[in-house]
Amino acid sequence: MVTNVHHVGIAVKSLSQAYRFWRDTLGLPLSREAVVAEQGVRAALLAAGASEIELLEPLSAESAVGRFLAKRGEGLHHICFKTADVASDLTALRARGVPLIDSEPRQGLAGRIGFLHPKACHGVLVELATPSNGETHAESPVRFKRLVIGSPAPDDAAKTYQDLFGLPEVEVNGGPRTMLGWAGGATLLMVPAGEARGMEGLVALSMVAPELPPLVARLEKAKASLLLGAAELTVEPASSHGVHLHISRYHFP
């Protein structure tokens with residue numbers, strides 16, 4: 001059903017403030033920005049390799065994203081899968097009795113889109129999108145790699161995602177965890193909630209960069225709170241708008 005992770009959505013209080021980290025410090029190019037009145041947000045898509053990062057600023061406290069911020073604060077909001085025909089997919093899911101927010105597609109920043117209800121996907125808000133023809137992504141120095149999902153039953157969660165979206169399984173090194181997605185590309189890692197500080201749902205974002213030193217220099221200049229390793233770094237959520245962010249060194253093909 002789906003062919004890639006189109007984007008990962010992040011709820012933020014202010015786009016202008018979020019740009020300072022995601023665009024200016026990480027170096028993710030801005031693809032497009034618009035007010036999506038139907039969703040009550042000002043949204044921006046930033047290129048992150050073959051996928052994108054979407055920043056969502058609520059237009060009011062009463063909007064869905066405004067309520068999310070009031071309840072949970074800034075952080076990971078949803079995942080969006082790319083599909084060739086969102087209308088057909090929503091029809092098929094509705095016929096199976098899958099809980100949906102949108103029974104018909106509507107226009108969003110990512111193209112024609114539709115949301116599933118979080119209870120369909122173990123508490124995770126999932127969007128499906130069919131982008132406009134000719135969509136292209138600018139080159140970015142940091143790319144999306146993986147989204148980590150915490151669950152009391154990772155295997156059950158993985159089976160649901162495989163059943164609903166046809167996601168292939170990717171081999172992972174042992175333990176009570178399952179990885180889904182595309183080998184060498186975007187993946188979802190299902191882990192026990194106990195491994196994710198007791199958190200359920202979207203808990204962490206993993207990205208890759210070919211060269212870490214220039215990125216570390218930019219992060220240090222921005223006074224981001226970091227944990228540094230030999231070939232990886234972790235940005236504390238206080239510096240990345242509520243996102244647990246891990247970046248490892250990787251040479252792009």
# chains A, B, ... in the order shown; residues from 1 in each chain; ligands from 1

$ select_by_dssp --residues "stretch 74-208 of chain A" --states "strand (DSSP E or B)" --output "PyMOL selection string"
chain A and resi 75-83+100+106-108+111-116+126-130+143-151+169-170+178-181+187-192+201-208

$ write_last_selection --atoms "N, CA and C atoms" --output "short mmCIF file (atom, residue, chain, number, x, y, z; two decimals), in the first residue's frame"
data_model
loop_
_atom_site.label_atom_id
_atom_site.label_comp_id
_atom_site.auth_asym_id
_atom_site.auth_seq_id
_atom_site.Cartn_x
_atom_site.Cartn_y
_atom_site.Cartn_z
N GLY A 75 6.82 18.30 20.27
CA GLY A 75 7.38 16.98 20.04
C GLY A 75 6.78 16.28 18.84
N LEU A 76 7.13 15.01 18.69
CA LEU A 76 6.67 14.20 17.57
C LEU A 76 5.14 14.10 17.58
N HIS A 77 4.54 14.34 16.43
CA HIS A 77 3.08 14.43 16.34
C HIS A 77 2.47 13.31 15.49
N HIS A 78 3.04 13.02 14.32
CA HIS A 78 2.48 11.98 13.45
C HIS A 78 3.52 11.51 12.46
N ILE A 79 3.21 10.39 11.82
CA ILE A 79 4.01 9.90 10.71
C ILE A 79 3.13 9.84 9.48
N CYS A 80 3.71 10.18 8.33
CA CYS A 80 2.96 10.18 7.07
C CYS A 80 3.63 9.23 6.09
N PHE A 81 2.83 8.31 5.55
CA PHE A 81 3.30 7.39 4.53
C PHE A 81 2.88 7.87 3.15
N LYS A 82 3.77 7.71 2.19
CA LYS A 82 3.48 8.05 0.80
C LYS A 82 2.78 6.90 0.12
N THR A 83 1.74 7.22 -0.62
CA THR A 83 0.99 6.19 -1.35
C THR A 83 0.56 6.74 -2.70
N LEU A 100 -11.01 5.68 11.13
CA LEU A 100 -10.43 6.76 10.34
C LEU A 100 -10.87 8.11 10.89
N ARG A 106 -8.47 14.88 1.58
CA ARG A 106 -8.57 16.34 1.54
C ARG A 106 -7.20 16.89 1.19
N GLN A 107 -7.15 18.18 0.92
CA GLN A 107 -5.89 18.79 0.51
C GLN A 107 -5.07 19.17 1.73
N GLY A 108 -3.80 18.80 1.71
CA GLY A 108 -2.87 19.17 2.77
C GLY A 108 -1.56 19.66 2.17
N GLY A 111 0.01 17.15 -0.22
CA GLY A 111 -0.77 16.73 -1.37
C GLY A 111 -2.17 16.33 -0.95
N ARG A 112 -2.72 15.31 -1.56
CA ARG A 112 -4.00 14.76 -1.13
C ARG A 112 -3.74 13.84 0.05
N ILE A 113 -4.40 14.09 1.17
CA ILE A 113 -4.04 13.39 2.40
C ILE A 113 -5.29 12.86 3.12
N GLY A 114 -5.04 11.93 4.04
CA GLY A 114 -6.10 11.44 4.91
C GLY A 114 -5.48 10.84 6.15
N PHE A 115 -6.14 11.03 7.31
CA PHE A 115 -5.60 10.54 8.58
C PHE A 115 -6.39 9.34 9.08
N LEU A 116 -5.68 8.37 9.64
CA LEU A 116 -6.30 7.28 10.38
C LEU A 116 -6.44 7.72 11.83
N VAL A 126 -1.42 8.38 12.18
CA VAL A 126 -0.83 8.06 10.88
C VAL A 126 -1.58 8.79 9.78
N GLU A 127 -0.83 9.40 8.90
CA GLU A 127 -1.36 10.10 7.73
C GLU A 127 -0.94 9.36 6.47
N LEU A 128 -1.80 9.33 5.49
CA LEU A 128 -1.46 8.84 4.16
C LEU A 128 -1.49 10.03 3.20
N ALA A 129 -0.54 10.07 2.27
CA ALA A 129 -0.46 11.21 1.36
C ALA A 129 -0.10 10.76 -0.05
N THR A 130 -0.78 11.35 -1.02
CA THR A 130 -0.42 11.21 -2.42
C THR A 130 0.05 12.58 -2.90
N ARG A 143 19.71 13.40 6.95
CA ARG A 143 18.59 12.70 6.34
C ARG A 143 17.83 11.86 7.36
N PHE A 144 16.54 11.71 7.10
CA PHE A 144 15.72 10.85 7.93
C PHE A 144 16.18 9.40 7.80
N LYS A 145 16.22 8.70 8.94
CA LYS A 145 16.60 7.28 8.94
C LYS A 145 15.50 6.42 9.56
N ARG A 146 15.08 6.77 10.78
CA ARG A 146 14.21 5.85 11.51
C ARG A 146 13.36 6.60 12.52
N LEU A 147 12.15 6.08 12.71
CA LEU A 147 11.26 6.57 13.75
C LEU A 147 11.07 5.43 14.75
N VAL A 148 11.26 5.73 16.03
CA VAL A 148 11.13 4.72 17.07
C VAL A 148 9.76 4.83 17.71
N ILE A 149 9.07 3.69 17.81
CA ILE A 149 7.73 3.62 18.37
C ILE A 149 7.75 2.72 19.59
N GLY A 150 7.34 3.23 20.74
CA GLY A 150 7.27 2.45 21.95
C GLY A 150 5.90 1.79 22.08
N SER A 151 5.90 0.53 22.53
CA SER A 151 4.64 -0.20 22.64
C SER A 151 4.76 -1.26 23.73
N GLU A 169 9.31 -6.41 6.66
CA GLU A 169 10.12 -6.49 7.87
C GLU A 169 11.60 -6.44 7.50
N VAL A 170 12.38 -5.73 8.32
CA VAL A 170 13.82 -5.59 8.12
C VAL A 170 14.51 -6.30 9.28
N THR A 178 11.04 -5.07 16.72
CA THR A 178 10.80 -5.39 15.32
C THR A 178 11.01 -4.14 14.48
N MET A 179 11.67 -4.29 13.34
CA MET A 179 11.88 -3.17 12.43
C MET A 179 11.13 -3.40 11.13
N LEU A 180 10.45 -2.36 10.68
CA LEU A 180 9.70 -2.41 9.44
C LEU A 180 10.16 -1.29 8.52
N GLY A 181 10.07 -1.54 7.23
CA GLY A 181 10.40 -0.47 6.29
C GLY A 181 11.20 -1.00 5.11
N THR A 187 12.84 3.50 8.03
CA THR A 187 12.33 2.37 8.80
C THR A 187 11.59 2.85 10.05
N LEU A 188 10.76 1.94 10.58
CA LEU A 188 10.12 2.12 11.87
C LEU A 188 10.67 1.04 12.79
N LEU A 189 11.06 1.41 13.99
CA LEU A 189 11.57 0.45 14.96
C LEU A 189 10.59 0.37 16.12
N MET A 190 9.97 -0.79 16.29
CA MET A 190 9.03 -1.02 17.39
C MET A 190 9.81 -1.57 18.58
N VAL A 191 9.76 -0.89 19.72
CA VAL A 191 10.50 -1.31 20.90
C VAL A 191 9.55 -1.39 22.09
N PRO A 192 9.89 -2.20 23.11
CA PRO A 192 9.08 -2.22 24.33
C PRO A 192 9.07 -0.85 24.98
N GLY A 201 3.91 5.12 21.82
CA GLY A 201 3.71 5.95 20.64
C GLY A 201 5.04 6.39 20.06
N LEU A 202 5.06 7.57 19.44
CA LEU A 202 6.27 8.08 18.81
C LEU A 202 7.23 8.59 19.89
N VAL A 203 8.41 7.99 19.98
CA VAL A 203 9.30 8.33 21.10
C VAL A 203 10.64 8.91 20.68
N ALA A 204 11.11 8.64 19.46
CA ALA A 204 12.43 9.15 19.08
C ALA A 204 12.57 9.18 17.56
N LEU A 205 13.44 10.06 17.10
CA LEU A 205 13.72 10.23 15.69
C LEU A 205 15.21 10.00 15.47
N SER A 206 15.54 9.18 14.49
CA SER A 206 16.93 8.89 14.16
C SER A 206 17.23 9.40 12.76
N MET A 207 18.38 10.09 12.61
CA MET A 207 18.78 10.63 11.32
C MET A 207 20.24 10.27 11.07
N VAL A 208 20.70 10.50 9.85
CA VAL A 208 22.08 10.20 9.49
C VAL A 208 22.70 11.41 8.81
#

$ closest_atom_pairs --of "stretch 124-220 of chain A" --to "stretch 8-26 of chain A" --cutoff "7 Å" --atoms "only C-alpha atoms" --output "JSON lines"
{"residue": "A:Val142", "atom": "CA", "partner": "A:Leu26", "partner_atom": "CA", "distance": 6.8}
{"residue": "A:Leu215", "atom": "CA", "partner": "A:Leu26", "partner_atom": "CA", "distance": 6.8}
{"residue": "A:Arg218", "atom": "CA", "partner": "A:Thr25", "partner_atom": "CA", "distance": 5.7}
{"residue": "A:Leu219", "atom": "CA", "partner": "A:Thr25", "partner_atom": "CA", "distance": 6.2}

$ write_last_selection --atoms "C-alpha atoms" --output "PDB file, in the first residue's frame"
ATOM      1  CA  VAL A 142      21.093  15.358   7.399  1.00  0.00           C
ATOM      2  CA  LEU A 215      27.163  19.464  12.311  1.00  0.00           C
ATOM      3  CA  ARG A 218      26.766  24.197  14.278  1.00  0.00           C
ATOM      4  CA  LEU A 219      24.984  22.562  17.217  1.00  0.00           C
TER       5      LEU A 219
END

$ atom_distance --atom1 "atom CA of A:Leu164" --atom2 "atom CA of A:Gly97"
11.3 Å

$ select_by_dssp --residues "stretch 113-236 of chain A" --states "helix (DSSP H, G or I)" --output "MDAnalysis selection string"
chainID A and resid 118:121 154:165 193:196 212:221

$ atom_distance --atom1 "atom CA of A:Ala224" --atom2 "atom CA of A:Glu200"
25.6 Å

$ closest_residue --among "A:Arg177, A:Arg96, A:His137, A:His244" --to "A:Ser31" --atoms "only C-alpha atoms"
A:His137

$ closest_residue --among "A:Gly242, A:Gly123, A:Gly166, A:Pro237" --to "A:Val2" --atoms "only C-alpha atoms"
A:Gly166

$ closest_residue --among "A:Leu227, A:Leu45, A:Ala87, A:Ala50" --to "A:Asn4" --atoms "only C-alpha atoms"
A:Ala50

$ closest_residue --among "A:His246, A:Leu30, A:Glu195, A:Phe68" --to "A:Ser140" --atoms "only C-alpha atoms"
A:Leu30

$ closest_residue --among "A:Gly134, A:Phe165, A:Gly66, A:Trp182" --to "A:Val98" --atoms "only C-alpha atoms"
A:Phe165

$ atom_distance --atom1 "atom CA of A:Val5" --atom2 "atom CA of A:Ala186"
6.3 Å

$ closest_residue --among "A:Leu233, A:Met1, A:Leu109, A:Ala61" --to "A:Ala217" --atoms "only C-alpha atoms"
A:Leu233
